[in-house]
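A.B. asks: Enclosed is the structure file run.cif (mmCIF, C-alpha atoms; chains and numbers go by the auth columns).
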data_query
loop_
_atom_site.group_PDB
_atom_site.id
_atom_site.type_symbol
_atom_site.label_atom_id
_atom_site.label_comp_id
_atom_site.label_asym_id
_atom_site.label_seq_id
_atom_site.Cartn_x
_atom_site.Cartn_y
_atom_site.Cartn_z
_atom_site.B_iso_or_equiv
_atom_site.auth_seq_id
_atom_site.auth_asym_id
ATOM 1 C CA MET A 1 -119.144 -55.905 -76.599 0.00 1 A
ATOM 2 C CA THR A 2 -117.997 -52.489 -77.798 0.00 2 A
ATOM 3 C CA SER A 3 -116.269 -49.955 -75.584 0.00 3 A
ATOM 4 C CA ALA A 4 -119.403 -47.788 -75.633 0.00 4 A
ATOM 5 C CA GLN A 5 -121.589 -50.526 -74.133 0.00 5 A
ATOM 6 C CA PRO A 6 -119.997 -50.522 -70.651 0.00 6 A
ATOM 7 C CA ASP A 7 -120.351 -46.723 -70.567 0.00 7 A
ATOM 8 C CA ALA A 8 -123.990 -46.996 -71.607 0.00 8 A
ATOM 9 C CA LEU A 9 -124.616 -49.605 -68.910 0.00 9 A
ATOM 10 C CA GLN A 10 -122.914 -47.445 -66.277 0.00 10 A
ATOM 11 C CA LYS A 11 -124.991 -44.463 -67.367 0.00 11 A
ATOM 12 C CA THR A 12 -128.205 -46.497 -67.218 0.00 12 A
ATOM 13 C CA ASN A 13 -127.316 -47.796 -63.761 0.00 13 A
ATOM 14 C CA ARG A 14 -126.536 -44.272 -62.536 0.00 14 A
ATOM 15 C CA ILE A 15 -129.780 -42.853 -63.920 0.00 15 A
ATOM 16 C CA ASN A 16 -131.726 -45.702 -62.315 0.00 16 A
ATOM 17 C CA LEU A 17 -130.078 -45.014 -58.945 0.00 17 A
ATOM 18 C CA LEU A 18 -130.683 -41.275 -59.236 0.00 18 A
ATOM 19 C CA PHE A 19 -134.275 -42.015 -60.226 0.00 19 A
ATOM 20 C CA ASP A 20 -134.692 -44.145 -57.089 0.00 20 A
ATOM 21 C CA PHE A 21 -133.621 -41.231 -54.900 0.00 21 A
ATOM 22 C CA TYR A 22 -135.191 -38.286 -56.699 0.00 22 A
ATOM 23 C CA GLU A 23 -138.276 -39.701 -58.457 0.00 23 A
ATOM 24 C CA PRO A 24 -140.738 -37.779 -56.241 0.00 24 A
ATOM 25 C CA LEU A 25 -139.116 -34.502 -57.309 0.00 25 A
ATOM 26 C CA LEU A 26 -139.694 -35.101 -61.035 0.00 26 A
ATOM 27 C CA THR A 27 -142.741 -34.062 -63.031 0.00 27 A
ATOM 28 C CA ASP A 28 -145.206 -36.739 -64.113 0.00 28 A
ATOM 29 C CA LYS A 29 -143.953 -36.545 -67.699 0.00 29 A
ATOM 30 C CA GLN A 30 -140.307 -36.848 -66.638 0.00 30 A
ATOM 31 C CA ARG A 31 -141.159 -39.864 -64.470 0.00 31 A
ATOM 32 C CA THR A 32 -143.105 -41.506 -67.282 0.00 32 A
ATOM 33 C CA PHE A 33 -140.434 -41.009 -69.942 0.00 33 A
ATOM 34 C CA LEU A 34 -137.576 -42.121 -67.678 0.00 34 A
ATOM 35 C CA THR A 35 -139.530 -45.161 -66.508 0.00 35 A
ATOM 36 C CA GLN A 36 -140.402 -46.219 -70.021 0.00 36 A
ATOM 37 C CA TYR A 37 -136.923 -45.611 -71.413 0.00 37 A
ATOM 38 C CA PHE A 38 -134.606 -46.772 -68.618 0.00 38 A
ATOM 39 C CA ILE A 39 -136.710 -49.238 -66.633 0.00 39 A
ATOM 40 C CA GLU A 40 -139.159 -50.715 -69.132 0.00 40 A
ATOM 41 C CA ASP A 41 -136.611 -50.509 -71.985 0.00 41 A
ATOM 42 C CA PHE A 42 -138.924 -48.860 -74.521 0.00 42 A
ATOM 43 C CA THR A 43 -137.307 -47.354 -77.608 0.00 43 A
ATOM 44 C CA LEU A 44 -137.580 -43.661 -78.377 0.00 44 A
ATOM 45 C CA GLY A 45 -139.891 -44.598 -81.260 0.00 45 A
ATOM 46 C CA GLU A 46 -142.220 -46.610 -79.020 0.00 46 A
ATOM 47 C CA ILE A 47 -142.474 -43.787 -76.500 0.00 47 A
ATOM 48 C CA ALA A 48 -142.997 -41.251 -79.293 0.00 48 A
ATOM 49 C CA ALA A 49 -145.824 -43.345 -80.766 0.00 49 A
ATOM 50 C CA ASP A 50 -147.521 -43.639 -77.353 0.00 50 A
ATOM 51 C CA PHE A 51 -147.455 -39.868 -76.856 0.00 51 A
ATOM 52 C CA GLY A 52 -147.954 -38.770 -80.460 0.00 52 A
ATOM 53 C CA ILE A 53 -144.715 -36.784 -80.548 0.00 53 A
ATOM 54 C CA SER A 54 -141.436 -37.105 -82.439 0.00 54 A
ATOM 55 C CA ARG A 55 -138.536 -39.291 -81.331 0.00 55 A
ATOM 56 C CA GLN A 56 -136.458 -36.119 -81.091 0.00 56 A
ATOM 57 C CA ALA A 57 -138.959 -34.619 -78.639 0.00 57 A
ATOM 58 C CA VAL A 58 -138.810 -37.783 -76.499 0.00 58 A
ATOM 59 C CA TYR A 59 -135.004 -37.695 -76.603 0.00 59 A
ATOM 60 C CA GLU A 60 -134.996 -34.050 -75.469 0.00 60 A
ATOM 61 C CA HIS A 61 -137.440 -34.785 -72.618 0.00 61 A
ATOM 62 C CA ILE A 62 -135.243 -37.662 -71.431 0.00 62 A
ATOM 63 C CA LYS A 63 -132.059 -35.589 -71.665 0.00 63 A
ATOM 64 C CA ARG A 64 -133.684 -32.754 -69.693 0.00 64 A
ATOM 65 C CA ALA A 65 -134.875 -35.197 -67.040 0.00 65 A
ATOM 66 C CA GLU A 66 -131.350 -36.670 -66.780 0.00 66 A
ATOM 67 C CA THR A 67 -129.991 -33.148 -66.319 0.00 67 A
ATOM 68 C CA VAL A 68 -132.551 -32.483 -63.588 0.00 68 A
ATOM 69 C CA LEU A 69 -131.567 -35.710 -61.780 0.00 69 A
ATOM 70 C CA GLU A 70 -127.880 -34.794 -61.948 0.00 70 A
ATOM 71 C CA SER A 71 -128.711 -31.307 -60.708 0.00 71 A
ATOM 72 C CA TYR A 72 -130.572 -32.716 -57.692 0.00 72 A
ATOM 73 C CA GLU A 73 -127.617 -34.994 -56.956 0.00 73 A
ATOM 74 C CA SER A 74 -125.111 -32.128 -57.172 0.00 74 A
ATOM 75 C CA LYS A 75 -127.211 -30.114 -54.706 0.00 75 A
ATOM 76 C CA LEU A 76 -128.419 -32.846 -52.337 0.00 76 A
ATOM 77 C CA GLY A 77 -125.817 -35.601 -52.707 0.00 77 A
ATOM 78 C CA LEU A 78 -128.096 -38.438 -51.604 0.00 78 A
ATOM 79 C CA LEU A 79 -126.607 -41.007 -53.976 0.00 79 A
ATOM 80 C CA SER A 80 -123.014 -40.132 -53.091 0.00 80 A
ATOM 81 C CA ARG A 81 -123.834 -40.360 -49.371 0.00 81 A
ATOM 82 C CA HIS A 82 -125.565 -43.687 -49.931 0.00 82 A
ATOM 83 C CA GLU A 83 -122.551 -45.068 -51.799 0.00 83 A
ATOM 84 C CA ALA A 84 -120.141 -43.791 -49.122 0.00 84 A
ATOM 85 C CA LEU A 85 -122.227 -45.371 -46.366 0.00 85 A
ATOM 86 C CA ARG A 86 -122.389 -48.693 -48.189 0.00 86 A
ATOM 87 C CA GLY A 87 -118.627 -48.630 -48.708 0.00 87 A
ATOM 88 C CA ALA A 88 -118.063 -47.915 -45.013 0.00 88 A
ATOM 89 C CA MET A 89 -120.396 -50.768 -44.054 0.00 89 A
ATOM 90 C CA ASP A 90 -118.514 -53.126 -46.383 0.00 90 A
ATOM 91 C CA ARG A 91 -115.199 -52.103 -44.815 0.00 91 A
ATOM 92 C CA LEU A 92 -116.652 -52.532 -41.312 0.00 92 A
ATOM 93 C CA GLU A 93 -117.847 -56.035 -42.152 0.00 93 A
ATOM 94 C CA ALA A 94 -114.435 -56.910 -43.612 0.00 94 A
ATOM 95 C CA CYS A 95 -112.733 -55.711 -40.429 0.00 95 A
ATOM 96 C CA VAL A 96 -115.184 -57.671 -38.275 0.00 96 A
ATOM 97 C CA SER A 97 -114.452 -60.797 -40.302 0.00 97 A
ATOM 98 C CA ALA A 98 -110.745 -60.373 -39.549 0.00 98 A
ATOM 99 C CA ILE A 99 -111.327 -60.370 -35.766 0.00 99 A
ATOM 100 C CA PRO A 100 -110.703 -63.754 -34.143 0.00 100 A
ATOM 101 C CA ASP A 101 -113.889 -65.689 -33.409 0.00 101 A
ATOM 102 C CA ASP A 102 -113.164 -65.820 -29.691 0.00 102 A
ATOM 103 C CA SER A 103 -113.255 -62.012 -29.409 0.00 103 A
ATOM 104 C CA SER A 104 -116.137 -60.580 -27.395 0.00 104 A
ATOM 105 C CA TYR A 105 -116.301 -57.612 -29.792 0.00 105 A
ATOM 106 C CA LYS A 106 -116.962 -59.615 -32.929 0.00 106 A
ATOM 107 C CA SER A 107 -120.663 -60.342 -32.338 0.00 107 A
ATOM 108 C CA ALA A 108 -121.283 -56.791 -31.107 0.00 108 A
ATOM 109 C CA LEU A 109 -119.634 -55.299 -34.200 0.00 109 A
ATOM 110 C CA ARG A 110 -121.523 -57.677 -36.491 0.00 110 A
ATOM 111 C CA SER A 111 -124.744 -56.547 -34.849 0.00 111 A
ATOM 112 C CA VAL A 112 -123.832 -52.897 -35.415 0.00 112 A
ATOM 113 C CA ALA A 113 -122.992 -53.564 -39.078 0.00 113 A
ATOM 114 C CA GLU A 114 -126.290 -55.404 -39.611 0.00 114 A
ATOM 115 C CA SER A 115 -128.244 -52.601 -37.912 0.00 115 A
ATOM 116 C CA LEU A 116 -126.602 -50.056 -40.221 0.00 116 A
ATOM 117 C CA ARG A 117 -127.489 -52.127 -43.301 0.00 117 A
ATOM 118 C CA GLN A 118 -131.090 -52.497 -42.173 0.00 118 A
ATOM 119 C CA ALA A 119 -131.386 -48.771 -41.465 0.00 119 A
ATOM 120 C CA GLU A 120 -129.990 -47.948 -44.910 0.00 120 A
ATOM 121 C CA GLN A 121 -132.323 -50.417 -46.643 0.00 121 A
ATOM 122 C CA ALA A 122 -135.358 -49.124 -44.723 0.00 122 A
ATOM 123 C CA ARG A 123 -134.523 -45.544 -45.711 0.00 123 A
ATOM 124 C CA ASN A 124 -134.420 -46.502 -49.385 0.00 124 A
ATOM 125 C CA LYS A 125 -137.856 -48.132 -49.458 0.00 125 A
#
Now that the file is in, can you turn its structure into structure tokens?
C.D. replies:
Amino acid sequence: MTSAQPDALQKTNRINLLFDFYEPLLTDKQRTFLTQYFIEDFTLGEIAADFGISRQAVYEHIKRAETVLESYESKLGLLSRHEALRGAMDRLEACVSAIPDDSSYKSALRSVAESLRQAEQARNK
């Protein structure tokens, strides 16, 4: 594995997460190109052939859509809030695990942590 591959994987994961949050705000063409490229793993050439345009044009559409996603994130911050909330829930669950089993607070705190996870998952569907 080259040093560029982990960066490419991180970028793909970030774009996929941003796409999950901001997909409804994209144009149909942006949604289609990002879906085919990042989710369905089409090559630029395959997408270009489907749309009858050059690979360079597909590349530019994808880059513009990535820029739009990053712009939405910088303005709205949904992904960063999601990641912060998940981190806080993980820390809460770790703290709850450290409480002795005979504590009356442990089950109540576990219930709160589970409710937070369910609320976060429901919001993302």
A.B. asks: Quick one: apply the PyMOL selection byres ((chain A and resi 111-113) around 12) to the file and drop the selected residues here as number ranges by chain.
C.D. replies: A: 85-97, 105-110, 114-120
A.B. asks: Which residues would end up in the selection if the PyMOL selection byres ((chain A and resi 45-52) around 12) were applied here, given that I need the answer as a PyMOL selection string?
C.D. replies: chain A and resi 29+32-38+40-44+53-62
A.B. asks: To one decimal place in Å, what is the distance between CA of Gly77 in chain A and CA of Tyr22 in chain A?
C.D. replies: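 These atoms are spaced 10.5 Å apart.
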A.B. asks: Please put the answer as JSON: centre and edge lengths, in Å with one decimal, of a box along x, y and z that encloses all listed atoms of range 18-36 of chain A plus 5 Å on each side.
C.D. replies:
{"center_x": -137.9, "center_y": -40.1, "center_z": -62.5, "size_x": 24.5, "size_y": 22.2, "size_z": 25.1}
A.B. asks: Work out how far apart CA of Glu66 in chain A and CA of Ile15 in chain A are and give it in Å to one decimal.
C.D. replies: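 Straight-line distance from CA of Glu66 in chain A to CA of Ile15 in chain A works out to 7.0 Å.
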